[in-house]
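Peer 1: The file below is coords07.cif, mmCIF, C-alpha atoms (C1' of nucleotides):
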data_upload
#
loop_
_atom_site.group_PDB
_atom_site.id
_atom_site.type_symbol
_atom_site.label_atom_id
_atom_site.label_comp_id
_atom_site.auth_asym_id
_atom_site.auth_seq_id
_atom_site.Cartn_x
_atom_site.Cartn_y
_atom_site.Cartn_z
ATOM 1 C CA MET A 246 36.967 -35.420 2.384
ATOM 2 C CA LYS A 247 34.968 -32.292 1.661
ATOM 3 C CA ILE A 248 35.326 -28.900 3.261
ATOM 4 C CA GLY A 249 32.552 -29.461 5.762
ATOM 5 C CA GLU A 250 34.232 -32.498 7.209
ATOM 6 C CA VAL A 251 37.711 -31.015 7.370
ATOM 7 C CA ALA A 252 36.166 -27.963 8.989
ATOM 8 C CA GLU A 253 34.428 -30.029 11.621
ATOM 9 C CA ARG A 254 37.503 -32.113 12.339
ATOM 10 C CA SER A 255 39.687 -29.076 12.755
ATOM 11 C CA GLY A 256 37.285 -26.807 14.544
ATOM 12 C CA CYS A 257 37.368 -24.152 11.827
ATOM 13 C CA HIS A 258 34.397 -22.749 9.997
ATOM 14 C CA PRO A 259 34.273 -23.760 6.321
ATOM 15 C CA GLU A 260 34.491 -20.114 5.311
ATOM 16 C CA THR A 261 37.576 -19.785 7.451
ATOM 17 C CA VAL A 262 39.129 -22.775 5.720
ATOM 18 C CA ARG A 263 38.582 -21.123 2.345
ATOM 19 C CA TYR A 264 39.982 -17.917 3.794
ATOM 20 C CA TYR A 265 43.140 -19.697 4.944
ATOM 21 C CA GLU A 266 43.530 -21.092 1.475
ATOM 22 C CA ARG A 267 43.075 -17.636 -0.043
ATOM 23 C CA ILE A 268 45.841 -16.149 2.080
ATOM 24 C CA GLY A 269 48.133 -19.083 1.416
ATOM 25 C CA LEU A 270 48.108 -20.631 4.874
ATOM 26 C CA LEU A 271 46.606 -23.862 3.650
ATOM 27 C CA PRO A 272 47.585 -25.310 0.256
ATOM 28 C CA ALA A 273 44.803 -25.481 -2.300
ATOM 29 C CA PRO A 274 43.608 -29.080 -2.459
ATOM 30 C CA PRO A 275 42.646 -30.944 -5.618
ATOM 31 C CA ARG A 276 39.040 -30.833 -6.751
ATOM 32 C CA THR A 277 36.469 -33.512 -7.355
ATOM 33 C CA ALA A 278 34.728 -33.850 -10.709
ATOM 34 C CA GLY A 279 31.998 -31.596 -9.380
ATOM 35 C CA GLY A 280 34.490 -28.902 -8.421
ATOM 36 C CA TYR A 281 34.501 -29.556 -4.679
ATOM 37 C CA ARG A 282 37.674 -29.243 -2.613
ATOM 38 C CA ASP A 283 38.989 -32.683 -1.739
ATOM 39 C CA TYR A 284 41.096 -32.752 1.431
ATOM 40 C CA ARG A 285 43.265 -35.444 2.956
ATOM 41 C CA PRO A 286 43.824 -36.051 6.667
ATOM 42 C CA ALA A 287 47.100 -34.091 6.672
ATOM 43 C CA ASP A 288 45.109 -30.983 5.785
ATOM 44 C CA ALA A 289 42.919 -31.477 8.818
ATOM 45 C CA ASP A 290 46.075 -31.792 10.921
ATOM 46 C CA ARG A 291 47.432 -28.564 9.522
ATOM 47 C CA LEU A 292 44.155 -26.820 10.214
ATOM 48 C CA ARG A 293 44.117 -28.095 13.761
ATOM 49 C CA PHE A 294 47.636 -26.761 14.158
ATOM 50 C CA ILE A 295 46.438 -23.374 12.966
ATOM 51 C CA SER A 296 43.315 -23.416 15.065
ATOM 52 C CA ARG A 297 45.238 -24.418 18.149
ATOM 53 C CA GLY A 298 47.744 -21.644 17.513
ATOM 54 C CA ARG A 299 44.866 -19.205 17.288
ATOM 55 C CA GLU A 300 43.524 -20.453 20.610
ATOM 56 C CA LEU A 301 46.909 -19.614 22.081
ATOM 57 C CA GLY A 302 46.558 -16.141 20.640
ATOM 58 C CA PHE A 303 49.173 -16.381 17.886
ATOM 59 C CA SER A 304 48.524 -14.195 14.869
ATOM 60 C CA LEU A 305 48.153 -15.833 11.491
ATOM 61 C CA GLU A 306 51.564 -14.464 10.519
ATOM 62 C CA GLU A 307 53.108 -15.978 13.618
ATOM 63 C CA ILE A 308 51.430 -19.241 12.777
ATOM 64 C CA ARG A 309 52.779 -19.008 9.269
ATOM 65 C CA SER A 310 56.257 -18.772 10.785
ATOM 66 C CA LEU A 311 55.584 -21.658 13.133
ATOM 67 C CA LEU A 312 54.407 -23.780 10.227
ATOM 68 C CA GLY A 313 57.565 -22.887 8.347
ATOM 69 C CA LEU A 314 59.724 -23.759 11.329
ATOM 70 C CA ALA A 315 57.834 -26.996 11.775
ATOM 71 C CA GLU A 316 58.713 -27.958 8.221
ATOM 72 C CA ASP A 317 62.480 -27.872 8.313
ATOM 73 C CA ASP A 318 63.957 -30.356 10.728
ATOM 74 C CA GLY A 319 66.975 -28.191 11.449
ATOM 75 C CA LEU A 320 67.776 -26.427 14.675
ATOM 76 C CA SER A 321 64.617 -24.381 14.626
ATOM 77 C CA CYS A 322 63.616 -25.036 18.213
ATOM 78 C CA GLN A 323 65.300 -21.846 19.362
ATOM 79 C CA ASP A 324 63.350 -19.823 16.835
ATOM 80 C CA VAL A 325 60.120 -21.399 17.941
ATOM 81 C CA ASP A 326 61.000 -20.707 21.542
ATOM 82 C CA ARG A 327 61.830 -17.086 20.785
ATOM 83 C CA LEU A 328 58.580 -16.587 18.922
ATOM 84 C CA ALA A 329 56.560 -18.132 21.717
ATOM 85 C CA ARG A 330 58.304 -16.077 24.401
ATOM 86 C CA GLY A 331 57.767 -12.886 22.474
ATOM 87 C CA HIS A 332 54.148 -13.758 22.105
ATOM 88 C CA LEU A 333 53.847 -14.470 25.799
ATOM 89 C CA LEU A 334 55.157 -10.976 26.531
ATOM 90 C CA ASP A 335 52.468 -9.524 24.271
ATOM 91 C CA ILE A 336 49.814 -11.450 26.111
ATOM 92 C CA ARG A 337 51.126 -10.354 29.491
ATOM 93 C CA ASN A 338 50.972 -6.739 28.350
ATOM 94 C CA ARG A 339 47.426 -7.143 27.194
ATOM 95 C CA LEU A 340 46.594 -8.812 30.495
ATOM 96 C CA ASN A 341 47.968 -5.826 32.364
ATOM 97 C CA ASP A 342 45.955 -3.419 30.264
ATOM 98 C CA LEU A 343 42.762 -5.369 30.776
ATOM 99 C CA GLN A 344 43.479 -5.750 34.465
ATOM 100 C CA ARG A 345 43.821 -1.998 34.803
ATOM 101 C CA MET A 346 40.605 -1.470 32.869
ATOM 102 C CA ALA A 347 38.757 -3.918 35.058
ATOM 103 C CA SER A 348 39.915 -2.416 38.350
ATOM 104 C CA GLU A 349 39.154 1.069 37.164
ATOM 105 C CA LEU A 350 35.714 0.037 35.991
ATOM 106 C CA GLU A 351 35.029 -1.743 39.248
ATOM 107 C CA ARG A 352 36.006 1.339 41.176
ATOM 108 C CA VAL A 353 33.818 3.562 39.043
ATOM 109 C CA ILE A 354 30.843 1.231 39.142
ATOM 110 C CA GLY A 355 31.174 0.831 42.873
ATOM 111 C CA SER A 356 31.080 4.552 43.416
ATOM 112 C CA CYS A 357 27.969 4.885 41.289
ATOM 113 C CA SER A 358 25.664 2.183 42.589
ATOM 114 C CA GLY A 359 25.426 3.874 45.990
ATOM 115 C CA GLY A 360 23.896 7.156 44.907
ATOM 116 C CA GLU A 361 20.279 7.029 43.823
ATOM 117 C CA ARG A 362 20.127 10.453 42.303
ATOM 118 C CA GLY A 363 22.165 13.512 41.520
ATOM 119 C CA GLN A 364 25.213 13.216 39.365
ATOM 120 C CA CYS A 365 26.256 9.906 37.874
ATOM 121 C CA ALA A 366 29.695 8.929 39.097
ATOM 122 C CA ILE A 367 30.490 6.915 35.986
ATOM 123 C CA LEU A 368 29.786 9.793 33.644
ATOM 124 C CA ASP A 369 31.678 12.125 35.959
ATOM 125 C CA THR A 370 34.694 9.900 35.771
ATOM 126 C CA LEU A 371 34.540 9.961 32.015
ATOM 127 C CA ARG A 372 34.130 13.707 32.050
ATOM 128 C CA HIS A 373 36.885 14.458 34.538
ATOM 129 C CA PRO A 374 39.674 11.911 34.267
ATOM 130 C CA PRO A 375 41.620 11.355 37.474
ATOM 131 C CA SER A 376 44.977 11.264 35.718
ATOM 132 C CA MET B 175 41.199 26.181 17.982
ATOM 133 C CA LYS B 176 42.445 24.056 15.120
ATOM 134 C CA ILE B 177 42.433 20.306 14.902
ATOM 135 C CA GLY B 178 46.026 19.909 16.024
ATOM 136 C CA GLU B 179 45.352 21.665 19.292
ATOM 137 C CA VAL B 180 42.106 19.894 20.067
ATOM 138 C CA ALA B 181 43.867 16.654 19.263
ATOM 139 C CA GLU B 182 46.706 17.377 21.615
ATOM 140 C CA ARG B 183 44.403 18.500 24.407
ATOM 141 C CA SER B 184 42.264 15.400 24.133
ATOM 142 C CA GLY B 185 44.945 12.853 23.458
ATOM 143 C CA CYS B 186 43.523 11.815 20.098
ATOM 144 C CA HIS B 187 45.362 11.827 16.812
ATOM 145 C CA PRO B 188 44.106 14.477 14.367
ATOM 146 C CA GLU B 189 43.170 11.760 11.909
ATOM 147 C CA THR B 190 41.178 10.104 14.655
ATOM 148 C CA VAL B 191 39.347 13.345 15.360
ATOM 149 C CA ARG B 192 38.325 13.587 11.709
ATOM 150 C CA TYR B 193 37.326 9.937 11.844
ATOM 151 C CA TYR B 194 35.074 10.554 14.841
ATOM 152 C CA GLU B 195 33.457 13.391 12.946
ATOM 153 C CA ARG B 196 32.921 11.162 9.938
ATOM 154 C CA ILE B 197 31.112 8.516 11.962
ATOM 155 C CA GLY B 198 29.060 11.119 13.771
ATOM 156 C CA LEU B 199 30.610 10.821 17.206
ATOM 157 C CA LEU B 200 31.809 14.406 17.213
ATOM 158 C CA PRO B 201 29.702 17.166 15.642
ATOM 159 C CA ALA B 202 31.224 18.866 12.626
ATOM 160 C CA PRO B 203 32.597 22.219 13.787
ATOM 161 C CA PRO B 204 32.383 25.465 11.827
ATOM 162 C CA ARG B 205 35.215 26.312 9.465
ATOM 163 C CA THR B 206 37.575 29.230 9.241
ATOM 164 C CA ALA B 207 37.847 31.290 6.071
ATOM 165 C CA GLY B 208 40.637 29.000 4.952
ATOM 166 C CA GLY B 209 38.508 25.906 5.389
ATOM 167 C CA TYR B 210 40.059 24.726 8.653
ATOM 168 C CA ARG B 211 37.938 23.133 11.368
ATOM 169 C CA ASP B 212 37.442 25.547 14.248
ATOM 170 C CA TYR B 213 36.789 23.839 17.588
ATOM 171 C CA ARG B 214 35.699 25.196 20.940
ATOM 172 C CA PRO B 215 36.721 23.894 24.356
ATOM 173 C CA ALA B 216 33.554 21.792 24.697
ATOM 174 C CA ASP B 217 34.719 19.747 21.721
ATOM 175 C CA ALA B 218 37.972 18.987 23.473
ATOM 176 C CA ASP B 219 35.952 17.870 26.509
ATOM 177 C CA ARG B 220 33.843 15.575 24.388
ATOM 178 C CA LEU B 221 36.948 14.123 22.792
ATOM 179 C CA ARG B 222 38.516 13.533 26.186
ATOM 180 C CA PHE B 223 35.330 11.760 27.220
ATOM 181 C CA ILE B 224 35.631 9.528 24.172
ATOM 182 C CA SER B 225 39.319 8.912 24.613
ATOM 183 C CA ARG B 226 38.868 8.104 28.282
ATOM 184 C CA GLY B 227 36.069 5.690 27.424
ATOM 185 C CA ARG B 228 38.388 4.006 24.928
ATOM 186 C CA GLU B 229 41.039 3.669 27.623
ATOM 187 C CA LEU B 230 38.450 1.840 29.688
ATOM 188 C CA GLY B 231 37.853 -0.445 26.737
ATOM 189 C CA PHE B 232 34.406 0.765 25.717
ATOM 190 C CA SER B 233 33.602 0.369 22.038
ATOM 191 C CA LEU B 234 32.737 3.465 20.051
ATOM 192 C CA GLU B 235 29.123 2.337 19.957
ATOM 193 C CA GLU B 236 29.086 2.006 23.723
ATOM 194 C CA ILE B 237 30.615 5.438 23.980
ATOM 195 C CA ARG B 238 27.955 6.761 21.647
ATOM 196 C CA SER B 239 25.355 5.425 24.074
ATOM 197 C CA LEU B 240 27.176 6.884 27.049
ATOM 198 C CA LEU B 241 27.307 10.256 25.341
ATOM 199 C CA GLY B 242 23.596 10.026 24.651
ATOM 200 C CA LEU B 243 22.883 9.105 28.257
ATOM 201 C CA ALA B 244 25.113 11.920 29.444
ATOM 202 C CA GLU B 245 23.000 14.357 27.461
ATOM 203 C CA ASP B 246 19.567 13.817 28.950
ATOM 204 C CA ASP B 247 19.396 14.680 32.620
ATOM 205 C CA GLY B 248 16.705 12.118 33.297
ATOM 206 C CA LEU B 249 17.069 8.920 35.249
ATOM 207 C CA SER B 250 19.771 7.526 33.002
ATOM 208 C CA CYS B 251 22.151 6.519 35.751
ATOM 209 C CA GLN B 252 20.747 2.998 35.786
ATOM 210 C CA ASP B 253 21.324 2.674 32.057
ATOM 211 C CA VAL B 254 24.880 3.876 32.441
ATOM 212 C CA ASP B 255 25.415 1.455 35.275
ATOM 213 C CA ARG B 256 23.996 -1.428 33.262
ATOM 214 C CA LEU B 257 26.176 -0.597 30.277
ATOM 215 C CA ALA B 258 29.273 -0.375 32.436
ATOM 216 C CA ARG B 259 28.534 -3.635 34.220
ATOM 217 C CA GLY B 260 27.946 -5.425 30.948
ATOM 218 C CA HIS B 261 31.193 -4.086 29.674
ATOM 219 C CA LEU B 262 32.985 -5.210 32.807
ATOM 220 C CA LEU B 263 31.719 -8.741 32.186
ATOM 221 C CA ASP B 264 33.157 -8.617 28.675
ATOM 222 C CA ILE B 265 36.503 -7.544 30.029
ATOM 223 C CA ARG B 266 36.492 -10.272 32.672
ATOM 224 C CA ASN B 267 35.811 -12.841 29.967
ATOM 225 C CA ARG B 268 38.669 -11.570 27.879
ATOM 226 C CA LEU B 269 40.860 -11.608 30.965
ATOM 227 C CA ASN B 270 40.021 -15.237 31.548
ATOM 228 C CA ASP B 271 40.812 -16.110 27.948
ATOM 229 C CA LEU B 272 44.155 -14.333 28.065
ATOM 230 C CA GLN B 273 44.938 -15.857 31.438
ATOM 231 C CA ARG B 274 44.371 -19.318 30.030
ATOM 232 C CA MET B 275 46.513 -18.534 27.019
ATOM 233 C CA ALA B 276 49.318 -17.253 29.193
ATOM 234 C CA SER B 277 49.354 -20.267 31.516
ATOM 235 C CA GLU B 278 49.233 -22.644 28.613
ATOM 236 C CA LEU B 279 52.042 -20.834 26.840
ATOM 237 C CA GLU B 280 54.129 -20.785 30.006
ATOM 238 C CA ARG B 281 53.632 -24.495 30.405
ATOM 239 C CA VAL B 282 54.550 -25.178 26.811
ATOM 240 C CA ILE B 283 57.566 -22.906 26.814
ATOM 241 C CA GLY B 284 58.776 -24.396 30.067
ATOM 242 C CA SER B 285 58.662 -27.879 28.673
ATOM 243 C CA CYS B 286 60.602 -26.789 25.612
ATOM 244 C CA SER B 287 63.518 -24.835 27.008
ATOM 245 C CA GLY B 288 64.903 -27.932 28.726
ATOM 246 C CA GLY B 289 65.425 -30.070 25.662
ATOM 247 C CA GLU B 290 68.311 -29.076 23.453
ATOM 248 C CA ARG B 291 67.507 -31.324 20.591
ATOM 249 C CA GLY B 292 65.048 -33.838 19.325
ATOM 250 C CA GLN B 293 61.442 -32.872 18.970
ATOM 251 C CA CYS B 294 60.294 -29.363 19.806
ATOM 252 C CA ALA B 295 57.751 -29.470 22.600
ATOM 253 C CA ILE B 296 56.032 -26.296 21.445
ATOM 254 C CA LEU B 297 55.441 -27.600 17.965
ATOM 255 C CA ASP B 298 54.355 -30.925 19.408
ATOM 256 C CA THR B 299 51.774 -29.190 21.521
ATOM 257 C CA LEU B 300 50.452 -27.403 18.476
ATOM 258 C CA ARG B 301 50.410 -30.633 16.554
ATOM 259 C CA HIS B 302 48.795 -32.760 19.229
ATOM 260 C CA PRO B 303 46.434 -30.673 21.330
ATOM 261 C CA PRO B 304 45.934 -31.947 24.871
ATOM 262 C CA SER B 305 42.178 -31.345 24.793
ATOM 263 C "C1'" DC C 348 12.736 -40.816 -11.769
ATOM 264 C "C1'" DC C 349 12.065 -36.713 -9.352
ATOM 265 C "C1'" DT C 350 12.376 -33.578 -5.854
ATOM 266 C "C1'" DA C 351 13.861 -31.355 -1.751
ATOM 267 C "C1'" DA C 352 17.395 -30.591 1.440
ATOM 268 C "C1'" DA C 353 21.950 -30.138 2.449
ATOM 269 C "C1'" DC C 354 26.030 -29.127 0.969
ATOM 270 C "C1'" DC C 355 29.382 -26.638 -1.983
ATOM 271 C "C1'" DC C 356 31.206 -22.964 -5.336
ATOM 272 C "C1'" DC C 357 32.773 -17.902 -6.232
ATOM 273 C "C1'" DG C 358 33.368 -12.997 -5.721
ATOM 274 C "C1'" DG C 359 32.605 -9.206 -3.173
ATOM 275 C "C1'" DA C 360 31.361 -6.426 0.699
ATOM 276 C "C1'" DG C 361 31.045 -5.546 5.684
ATOM 277 C "C1'" DT C 362 32.996 -5.552 10.464
ATOM 278 C "C1'" DC C 363 36.060 -2.314 14.131
ATOM 279 C "C1'" DG C 364 38.999 1.498 15.059
ATOM 280 C "C1'" DC C 365 41.832 3.484 13.358
ATOM 281 C "C1'" DT C 366 46.171 4.716 10.266
ATOM 282 C "C1'" DA C 367 48.478 6.013 6.148
ATOM 283 C "C1'" DC C 368 48.815 7.677 2.171
ATOM 284 C "C1'" DA C 369 48.552 11.305 -2.156
ATOM 285 C "C1'" DG C 370 48.064 15.627 -3.753
ATOM 286 C "C1'" DA C 371 46.489 19.944 -2.773
ATOM 287 C "C1'" DG C 372 45.760 24.243 -0.041
ATOM 288 C "C1'" DT C 373 46.689 27.603 4.020
ATOM 289 C "C1'" DC C 374 49.180 29.983 7.332
ATOM 290 C "C1'" DA C 375 53.046 31.932 10.317
ATOM 291 C "C1'" DA C 376 57.851 32.956 11.008
ATOM 292 C "C1'" DG C 377 62.176 34.557 9.344
ATOM 293 C "C1'" DC D 40 59.465 35.385 -0.556
ATOM 294 C "C1'" DT D 41 60.316 31.184 0.896
ATOM 295 C "C1'" DT D 42 60.245 27.571 3.840
ATOM 296 C "C1'" DG D 43 58.117 24.546 6.790
ATOM 297 C "C1'" DA D 44 54.366 23.141 9.583
ATOM 298 C "C1'" DC D 45 49.975 22.471 9.535
ATOM 299 C "C1'" DT D 46 45.458 21.402 7.317
ATOM 300 C "C1'" DC D 47 42.164 19.713 3.730
ATOM 301 C "C1'" DT D 48 39.723 15.689 0.944
ATOM 302 C "C1'" DG D 49 39.147 11.081 -0.446
ATOM 303 C "C1'" DT D 50 40.615 6.579 -0.588
ATOM 304 C "C1'" DA D 51 42.782 2.310 0.740
ATOM 305 C "C1'" DG D 52 44.823 -0.738 4.030
ATOM 306 C "C1'" DC D 53 45.182 -3.517 8.387
ATOM 307 C "C1'" DG D 54 43.581 -8.613 10.864
ATOM 308 C "C1'" DA D 55 40.795 -12.290 10.934
ATOM 309 C "C1'" DC D 56 37.203 -13.373 9.732
ATOM 310 C "C1'" DT D 57 31.889 -13.382 8.491
ATOM 311 C "C1'" DC D 58 28.040 -12.902 5.607
ATOM 312 C "C1'" DC D 59 25.664 -12.367 1.331
ATOM 313 C "C1'" DG D 60 23.707 -13.468 -3.279
ATOM 314 C "C1'" DG D 61 23.214 -16.339 -6.930
ATOM 315 C "C1'" DG D 62 24.342 -20.208 -8.530
ATOM 316 C "C1'" DG D 63 25.889 -25.638 -8.967
ATOM 317 C "C1'" DT D 64 26.201 -30.620 -6.959
ATOM 318 C "C1'" DT D 65 25.101 -34.427 -4.300
ATOM 319 C "C1'" DT D 66 22.310 -37.393 -1.609
ATOM 320 C "C1'" DA D 67 18.306 -39.389 0.628
ATOM 321 C "C1'" DG D 68 13.606 -40.386 0.378
ATOM 322 C "C1'" DG D 69 9.126 -41.107 -1.891
#
Please render this file's structure as structure tokens.
Peer 2:
Amino acid sequence: MKIGEVAERSGCHPETVRYYERIGLLPAPPRTAGGYRDYRPADADRLRFISRGRELGFSLEEIRSLLGLAEDDGLSCQDVDRLARGHLLDIRNRLNDLQRMASELERVIGSCSGGERGQCAILDTLRHPPS
Amino acid sequence: MKIGEVAERSGCHPETVRYYERIGLLPAPPRTAGGYRDYRPADADRLRFISRGRELGFSLEEIRSLLGLAEDDGLSCQDVDRLARGHLLDIRNRLNDLQRMASELERVIGSCSGGERGQCAILDTLRHPPS
DNA sequence: CCTAAACCCCGGAGTCGCTACAGAGTCAAG
DNA sequence: CTTGACTCTGTAGCGACTCCGGGGTTTAGG
């Protein structure tokens, strides 16, 4: 199948598929007589694996590791687990940061919408941090 | 004051201060005889404004707008409010995304840690998305 | 058989917000 | 006078794409 089809099946943009090939995340497929990339179903599976990993917020390097771990049938489950747990911690940290941002913004916006004139509470907050 | 001091006062890295100058977010200050940038306190204030905006997750372009709005004393409060509310929506969306990632990861990790051998549930999830 | 549309190719540049050099110059303390 | 800390410029790198230009190929319809 051609790049458009594998892209559609996997949920990646065709340019992204070429990009993954360029950085070595997806093996370069054979070409047709006309020079088009010719993929097999396993490539679509691999791309779906990548795309799903991205949806879960894994970096491409993390996904590269996961793909490596998925290859060897040894006792890699612990490694996978460790990687996933580490990643979960990252996400929780980012959640905390965003949560703080959101509350702070809500507070600031709330204090502004009341006053119709005079000083702007949002700009004041930016000017004079409460920390 | 020199760049190191203004950086420390504002919480920005010196290289970041130069970067902000390069992209026109901070006006280029006069130079000393030796060619060093010579800042005044107002520059530190502006940098703190920027850095605080970054902490709240505003993009540099948004901050550029906020700085512009902070300049003219007209009826810009509504614009500021609109910008902040729009930004809050962005953050809430990102929060939702991260929240979904975290729950999904927790689920997947939970289902993995039980099994000591056989197939890895995490890899299986990546291989066979539940969607 | 011919043409137009849809697809594909490649290489390179742009995005955002820094950060990290390299290689040079300046300044203050001891 | 020397050492070390700071500063200067310009450039390149990061991650994960995305878009562009200028071509080539395939396919469906007339």
Peer 1: Near DG364 in chain C, within 10 Å and counting only C-alpha atoms (C1' of nucleotides), which residues show up once chain neighbours fewer than 3 positions away are dropped, as a compact mmCIF listing (two decimals) with C-alpha atoms, keeping the file's coordinate frame?
Peer 2:
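The file below, selection-v5.txt, is the result:
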# COMPACT_ATOMS: atom_id res chain seq x y z
CA THR B 190 41.18 10.10 14.66
CA TYR B 193 37.33 9.94 11.84
CA TYR B 194 35.07 10.55 14.84
CA SER B 233 33.60 0.37 22.04
CA LEU B 234 32.74 3.46 20.05
Peer 1: Using all atoms listed in the file and a distance of at most 12 Å, pull out the residues of chain B that contact chain C, as a list in words.
Peer 2: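 The selection requested is Lys176, Cys186, His187, Pro188, Glu189, Thr190, Val191, Arg192, Tyr193, Tyr194, Ile197, Thr206, Ala207, Gly208, Gly209, Tyr210, Arg228, Gly231, Phe232, Ser233, Leu234 and Glu235 of chain B.
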Peer 1: Present chain A as a compact mmCIF listing (two decimals) with C-alpha atoms, keeping the file's coordinate frame, least-squares fitted onto chain B over all of its C-alpha atoms paired in order.
Peer 2:
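Generated output (result-v9.txt):
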# COMPACT_ATOMS: atom_id res chain seq x y z
CA MET A 246 41.31 26.09 17.98
CA LYS A 247 42.53 23.94 15.12
CA ILE A 248 42.48 20.18 14.88
CA GLY A 249 46.06 19.76 16.03
CA GLU A 250 45.41 21.53 19.28
CA VAL A 251 42.14 19.79 20.06
CA ALA A 252 43.87 16.52 19.25
CA GLU A 253 46.71 17.24 21.63
CA ARG A 254 44.40 18.38 24.40
CA SER A 255 42.25 15.30 24.12
CA GLY A 256 44.91 12.72 23.49
CA CYS A 257 43.49 11.71 20.11
CA HIS A 258 45.34 11.69 16.84
CA PRO A 259 44.12 14.35 14.40
CA GLU A 260 43.14 11.63 11.93
CA THR A 261 41.13 9.99 14.66
CA VAL A 262 39.34 13.25 15.35
CA ARG A 263 38.34 13.49 11.70
CA TYR A 264 37.30 9.86 11.84
CA TYR A 265 35.05 10.51 14.84
CA GLU A 266 33.48 13.35 12.94
CA ARG A 267 32.94 11.12 9.91
CA ILE A 268 31.09 8.51 11.94
CA GLY A 269 29.04 11.13 13.73
CA LEU A 270 30.58 10.82 17.18
CA LEU A 271 31.81 14.39 17.18
CA PRO A 272 29.73 17.17 15.60
CA ALA A 273 31.28 18.85 12.59
CA PRO A 274 32.69 22.19 13.73
CA PRO A 275 32.52 25.43 11.77
CA ARG A 276 35.35 26.27 9.42
CA THR A 277 37.74 29.17 9.23
CA ALA A 278 38.05 31.26 6.08
CA GLY A 279 40.83 28.95 4.97
CA GLY A 280 38.65 25.88 5.40
CA TYR A 281 40.18 24.65 8.65
CA ARG A 282 38.06 23.04 11.36
CA ASP A 283 37.56 25.47 14.22
CA TYR A 284 36.89 23.78 17.56
CA ARG A 285 35.79 25.16 20.91
CA PRO A 286 36.80 23.85 24.33
CA ALA A 287 33.60 21.78 24.67
CA ASP A 288 34.75 19.72 21.70
CA ALA A 289 38.00 18.93 23.46
CA ASP A 290 35.97 17.85 26.49
CA ARG A 291 33.85 15.57 24.37
CA LEU A 292 36.93 14.07 22.79
CA ARG A 293 38.50 13.48 26.17
CA PHE A 294 35.30 11.75 27.22
CA ILE A 295 35.57 9.50 24.19
CA SER A 296 39.26 8.87 24.63
CA ARG A 297 38.82 8.05 28.28
CA GLY A 298 35.99 5.67 27.43
CA ARG A 299 38.28 3.97 24.95
CA GLU A 300 40.94 3.60 27.63
CA LEU A 301 38.34 1.80 29.71
CA GLY A 302 37.73 -0.49 26.77
CA PHE A 303 34.29 0.76 25.75
CA SER A 304 33.47 0.38 22.08
CA LEU A 305 32.65 3.46 20.07
CA GLU A 306 29.01 2.37 19.99
CA GLU A 307 28.97 2.03 23.75
CA ILE A 308 30.51 5.46 24.01
CA ARG A 309 27.88 6.79 21.67
CA SER A 310 25.27 5.49 24.11
CA LEU A 311 27.11 6.94 27.08
CA LEU A 312 27.26 10.31 25.36
CA GLY A 313 23.54 10.10 24.69
CA LEU A 314 22.83 9.19 28.30
CA ALA A 315 25.07 12.00 29.46
CA GLU A 316 22.97 14.45 27.48
CA ASP A 317 19.55 13.92 28.99
CA ASP A 318 19.41 14.76 32.66
CA GLY A 319 16.71 12.21 33.37
CA LEU A 320 17.07 9.04 35.36
CA SER A 321 19.72 7.62 33.10
CA CYS A 322 22.11 6.57 35.83
CA GLN A 323 20.70 3.06 35.86
CA ASP A 324 21.28 2.73 32.14
CA VAL A 325 24.83 3.92 32.50
CA ASP A 326 25.37 1.49 35.34
CA ARG A 327 23.93 -1.39 33.32
CA LEU A 328 26.12 -0.58 30.35
CA ALA A 329 29.22 -0.36 32.49
CA ARG A 330 28.47 -3.62 34.29
CA GLY A 331 27.88 -5.42 31.03
CA HIS A 332 31.13 -4.09 29.75
CA LEU A 333 32.93 -5.21 32.87
CA LEU A 334 31.66 -8.74 32.27
CA ASP A 335 33.07 -8.63 28.75
CA ILE A 336 36.42 -7.55 30.08
CA ARG A 337 36.44 -10.27 32.71
CA ASN A 338 35.76 -12.85 30.02
CA ARG A 339 38.58 -11.56 27.92
CA LEU A 340 40.81 -11.61 30.98
CA ASN A 341 39.98 -15.25 31.55
CA ASP A 342 40.75 -16.12 27.96
CA LEU A 343 44.07 -14.33 28.04
CA GLN A 344 44.90 -15.84 31.40
CA ARG A 345 44.34 -19.31 29.99
CA MET A 346 46.46 -18.49 26.96
CA ALA A 347 49.26 -17.21 29.13
CA SER A 348 49.34 -20.23 31.45
CA GLU A 349 49.21 -22.61 28.54
CA LEU A 350 52.00 -20.77 26.77
CA GLU A 351 54.09 -20.72 29.91
CA ARG A 352 53.64 -24.43 30.32
CA VAL A 353 54.57 -25.10 26.72
CA ILE A 354 57.56 -22.80 26.76
CA GLY A 355 58.77 -24.28 30.00
CA SER A 356 58.68 -27.77 28.60
CA CYS A 357 60.66 -26.70 25.55
CA SER A 358 63.55 -24.73 26.97
CA GLY A 359 64.93 -27.81 28.73
CA GLY A 360 65.56 -29.98 25.70
CA GLU A 361 68.46 -28.96 23.49
CA ARG A 362 67.64 -31.19 20.60
CA GLY A 363 65.16 -33.70 19.31
CA GLN A 364 61.55 -32.73 18.96
CA CYS A 365 60.36 -29.25 19.79
CA ALA A 366 57.80 -29.36 22.57
CA ILE A 367 56.06 -26.19 21.41
CA LEU A 368 55.48 -27.50 17.91
CA ASP A 369 54.42 -30.84 19.34
CA THR A 370 51.82 -29.14 21.45
CA LEU A 371 50.48 -27.38 18.41
CA ARG A 372 50.48 -30.61 16.48
CA HIS A 373 48.86 -32.76 19.15
CA PRO A 374 46.47 -30.71 21.25
CA PRO A 375 46.01 -31.98 24.80
CA SER A 376 42.27 -31.42 24.78
Peer 1: Separation of CA of Gly198 in chain B and C1' of DC45 in chain D, in Å?
Peer 2: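 Separation of CA of Gly198 in chain B and C1' of DC45 in chain D: 24.2 Å.
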Peer 1: Would you mind reading off the distance between C1' of DG52 in chain D and CA of Arg196 in chain B, one decimal, in Å?
Peer 2: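 The value is 17.8 Å.
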